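Structure file protein-v9.txt (compact mmCIF, C-alpha atoms) is printed below.
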```txt
# COMPACT_ATOMS: atom_id res chain seq x y z
CA MET H 1 -3.69 -38.07 -85.18
CA LYS H 2 -2.29 -39.44 -81.90
CA ILE H 3 -4.15 -36.80 -79.87
CA GLN H 4 -7.44 -37.58 -81.59
CA GLU H 5 -6.96 -41.31 -81.02
CA SER H 6 -6.09 -40.74 -77.36
CA PHE H 7 -9.21 -38.58 -76.96
CA ARG H 8 -11.41 -41.34 -78.40
CA VAL H 9 -9.92 -43.90 -76.03
CA SER H 10 -10.48 -41.54 -73.08
CA GLN H 11 -14.08 -41.01 -74.17
CA ALA H 12 -14.66 -44.76 -74.47
CA ILE H 13 -13.27 -45.37 -70.97
CA PHE H 14 -15.34 -42.53 -69.51
CA PHE H 15 -18.60 -43.74 -71.05
CA SER H 16 -17.86 -47.35 -70.04
CA LEU H 17 -17.36 -46.28 -66.43
CA MET H 18 -20.49 -44.13 -66.49
CA PHE H 19 -22.49 -47.07 -67.83
CA ALA H 20 -21.08 -49.41 -65.18
CA PHE H 21 -22.04 -47.02 -62.36
CA THR H 22 -25.50 -46.49 -63.82
CA VAL H 23 -26.18 -50.22 -64.13
CA THR H 24 -24.83 -51.23 -60.71
CA GLY H 25 -26.00 -48.15 -58.78
CA ALA H 26 -24.33 -47.00 -55.60
CA VAL H 27 -21.85 -49.22 -53.89
CA ALA H 28 -23.66 -51.09 -51.11
CA ASP H 29 -22.26 -51.52 -47.63
CA THR H 30 -22.16 -54.58 -45.39
CA PHE H 31 -22.64 -54.11 -41.66
CA TYR H 32 -22.36 -56.45 -38.68
CA VAL H 33 -24.34 -56.99 -35.48
CA SER H 34 -23.18 -59.20 -32.62
CA ALA H 35 -24.22 -59.83 -29.04
CA SER H 36 -20.83 -58.50 -27.90
CA GLY H 37 -20.81 -55.40 -30.14
CA SER H 38 -21.51 -51.76 -29.32
CA ASP H 39 -23.80 -49.36 -31.12
CA ALA H 40 -21.01 -46.79 -30.77
CA ASN H 41 -18.92 -48.90 -33.19
CA SER H 42 -18.87 -48.31 -36.95
CA GLY H 43 -20.59 -51.65 -37.64
CA THR H 44 -18.43 -52.12 -40.74
CA SER H 45 -16.58 -55.25 -39.61
CA ALA H 46 -17.08 -58.22 -37.30
CA THR H 47 -14.64 -56.65 -34.81
CA GLN H 48 -16.48 -53.29 -34.96
CA SER H 49 -20.00 -54.75 -34.89
CA TRP H 50 -23.09 -53.01 -33.59
CA ARG H 51 -24.87 -54.46 -30.55
CA THR H 52 -28.48 -54.03 -31.64
CA ILE H 53 -30.59 -54.82 -34.67
CA ALA H 54 -32.34 -51.51 -33.93
CA LYS H 55 -29.10 -49.72 -34.88
CA ALA H 56 -29.01 -51.67 -38.16
CA ASN H 57 -32.69 -50.88 -38.78
CA ALA H 58 -31.97 -47.16 -38.51
CA SER H 59 -28.75 -47.27 -40.52
CA LEU H 60 -29.36 -49.48 -43.56
CA ASN H 61 -29.92 -47.91 -46.96
CA PRO H 62 -31.06 -49.54 -50.20
CA GLY H 63 -28.49 -52.09 -51.30
CA ASP H 64 -27.02 -52.53 -47.81
CA ALA H 65 -26.81 -55.81 -45.90
CA VAL H 66 -26.38 -56.63 -42.25
CA LEU H 67 -24.85 -59.90 -41.04
CA ILE H 68 -26.17 -60.84 -37.62
CA GLY H 69 -24.05 -63.00 -35.32
CA ALA H 70 -25.46 -65.86 -33.27
CA GLY H 71 -27.25 -64.74 -30.14
CA ILE H 72 -30.48 -63.62 -28.55
CA TYR H 73 -31.69 -60.16 -29.53
CA SER H 74 -34.56 -58.26 -27.96
CA ASP H 75 -34.95 -56.25 -31.14
CA GLN H 76 -37.38 -56.36 -33.99
CA ILE H 77 -36.32 -56.45 -37.64
CA ARG H 78 -38.07 -53.36 -38.95
CA PRO H 79 -35.95 -51.38 -41.41
CA ALA H 80 -36.41 -47.61 -41.45
CA ARG H 81 -36.20 -47.64 -45.24
CA SER H 82 -37.25 -49.93 -48.05
CA GLY H 83 -34.86 -51.22 -50.65
CA ALA H 84 -34.95 -49.43 -54.00
CA SER H 85 -35.41 -52.36 -56.40
CA GLN H 86 -34.91 -56.10 -56.86
CA THR H 87 -31.18 -55.47 -57.27
CA SER H 88 -30.91 -52.90 -54.46
CA ARG H 89 -32.57 -54.60 -51.52
CA VAL H 90 -32.13 -54.12 -47.79
CA THR H 91 -30.85 -57.48 -46.53
CA TYR H 92 -30.68 -59.09 -43.07
CA LYS H 93 -28.76 -62.36 -42.87
CA ALA H 94 -27.39 -64.64 -40.15
CA LEU H 95 -23.61 -64.69 -39.91
CA GLY H 96 -22.25 -68.22 -39.92
CA ASP H 97 -24.12 -71.28 -38.70
CA GLY H 98 -25.27 -70.07 -35.28
CA GLN H 99 -28.86 -69.28 -34.36
CA VAL H 100 -30.17 -65.74 -34.33
CA ILE H 101 -33.11 -65.52 -31.91
CA LEU H 102 -35.42 -62.49 -31.91
CA THR H 103 -37.51 -62.08 -28.75
CA SER H 104 -39.32 -58.83 -29.54
CA VAL H 105 -42.96 -58.80 -30.56
CA GLY H 106 -42.87 -55.12 -31.45
CA ASN H 107 -45.24 -52.47 -30.22
CA THR H 108 -48.53 -54.30 -29.68
CA SER H 109 -50.20 -51.23 -28.13
CA LYS H 110 -50.31 -49.42 -31.47
CA GLY H 111 -52.75 -51.96 -32.82
CA SER H 112 -51.12 -51.96 -36.25
CA ALA H 113 -49.99 -55.18 -37.88
CA ASP H 114 -47.09 -53.17 -39.34
CA ASP H 115 -45.55 -52.89 -35.88
CA VAL H 116 -46.17 -56.36 -34.46
CA GLY H 117 -43.90 -59.41 -34.67
CA ALA H 118 -40.21 -60.14 -34.52
CA ILE H 119 -40.01 -59.29 -38.23
CA ALA H 120 -42.24 -56.34 -39.15
CA LEU H 121 -42.06 -55.33 -42.80
CA GLY H 122 -45.38 -53.55 -43.20
CA GLY H 123 -45.02 -50.56 -45.51
CA ARG H 124 -41.60 -51.78 -46.67
CA SER H 125 -40.59 -53.37 -49.95
CA TYR H 126 -37.48 -54.96 -51.41
CA VAL H 127 -36.35 -56.33 -48.03
CA THR H 128 -34.76 -59.79 -47.64
CA VAL H 129 -34.53 -61.61 -44.32
```
Serialized structure, structure tokens:
Amino acid sequence: MKIQESFRVSQAIFFSLMFAFTVTGAVADTFYVSASGSDANSGTSATQSWRTIAKANASLNPGDAVLIGAGIYSDQIRPARSGASQTSRVTYKALGDGQVILTSVGNTSKGSADDVGAIALGGRSYVTV
């Protein structure tokens, strides 16, 4: 009787965990960009921040967020990948109260609106800036 009861409890815990992972999806990561960072860093903390938004663009996956420190960046926000859903977006956000200034206008020689502007989200969905 004890073994059967223990098995049922184990089953209940297993299915609860499976449901939780299914509902929440993969664990998202938070990355950091700062004017004093280095793209050789991991980007996973303020002290190990990346230097460029371009590095974040190439690295973010659905559900991930990047916190951008105050500064002037000659990069364009143009994620390599879309988010997956309303609850698994790719997110760009300023870190703290400082100003984040983007000076890039993108690649104007291509003639595509998808590539022009400091924030270019053409062909992307589920992205928050």
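Interatomic distance, CA of Thr30 (chain H) against CA of Ala65 (chain H): 4.8 Å.
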Please list as a PyMOL selection string every residue within 6 Å of Ala118 (chain H), counting only C-alpha atoms and excluding residues in the same chain fewer than 3 positions away.
chain H and resi 76+102+104-105
Go ahead and save the residues from that selection, with C-alpha atoms, as a PDB file, keeping the file's coordinate frame.
```
ATOM      1  CA  GLN H  76     -37.380 -56.360 -33.990  1.00  0.00           C
ATOM      2  CA  LEU H 102     -35.420 -62.490 -31.910  1.00  0.00           C
ATOM      3  CA  SER H 104     -39.320 -58.830 -29.540  1.00  0.00           C
ATOM      4  CA  VAL H 105     -42.960 -58.800 -30.560  1.00  0.00           C
TER       5      VAL H 105
END
```
For Thr52 (chain H): contacts at 7 Å, all atoms listed in the file, fewer than 6 positions along chain excluded, given as a tab-separated table (two decimals) with C-alpha atoms, in the frame of the given file:
```
chain	number	residue	atom	x	y	z
H	33	VAL	CA	-24.34	-56.99	-35.48
H	39	ASP	CA	-23.80	-49.36	-31.12
H	75	ASP	CA	-34.95	-56.25	-31.14
```
When you count all atoms listed in the file, which of these residues is closest to Gly43 (chain H): H:Thr91, H:Ser59, H:Ser82, H:Thr103?
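Closest to Gly43 (chain H) of all the choices is H:Ser59.
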When distances are computed from all atoms listed in the file, which of H:Ala35, H:Val129, H:Ala80, H:Leu121 shows the smallest separation from Asn57 (chain H)?
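Under the stated criterion, the closest residue is H:Ala80.
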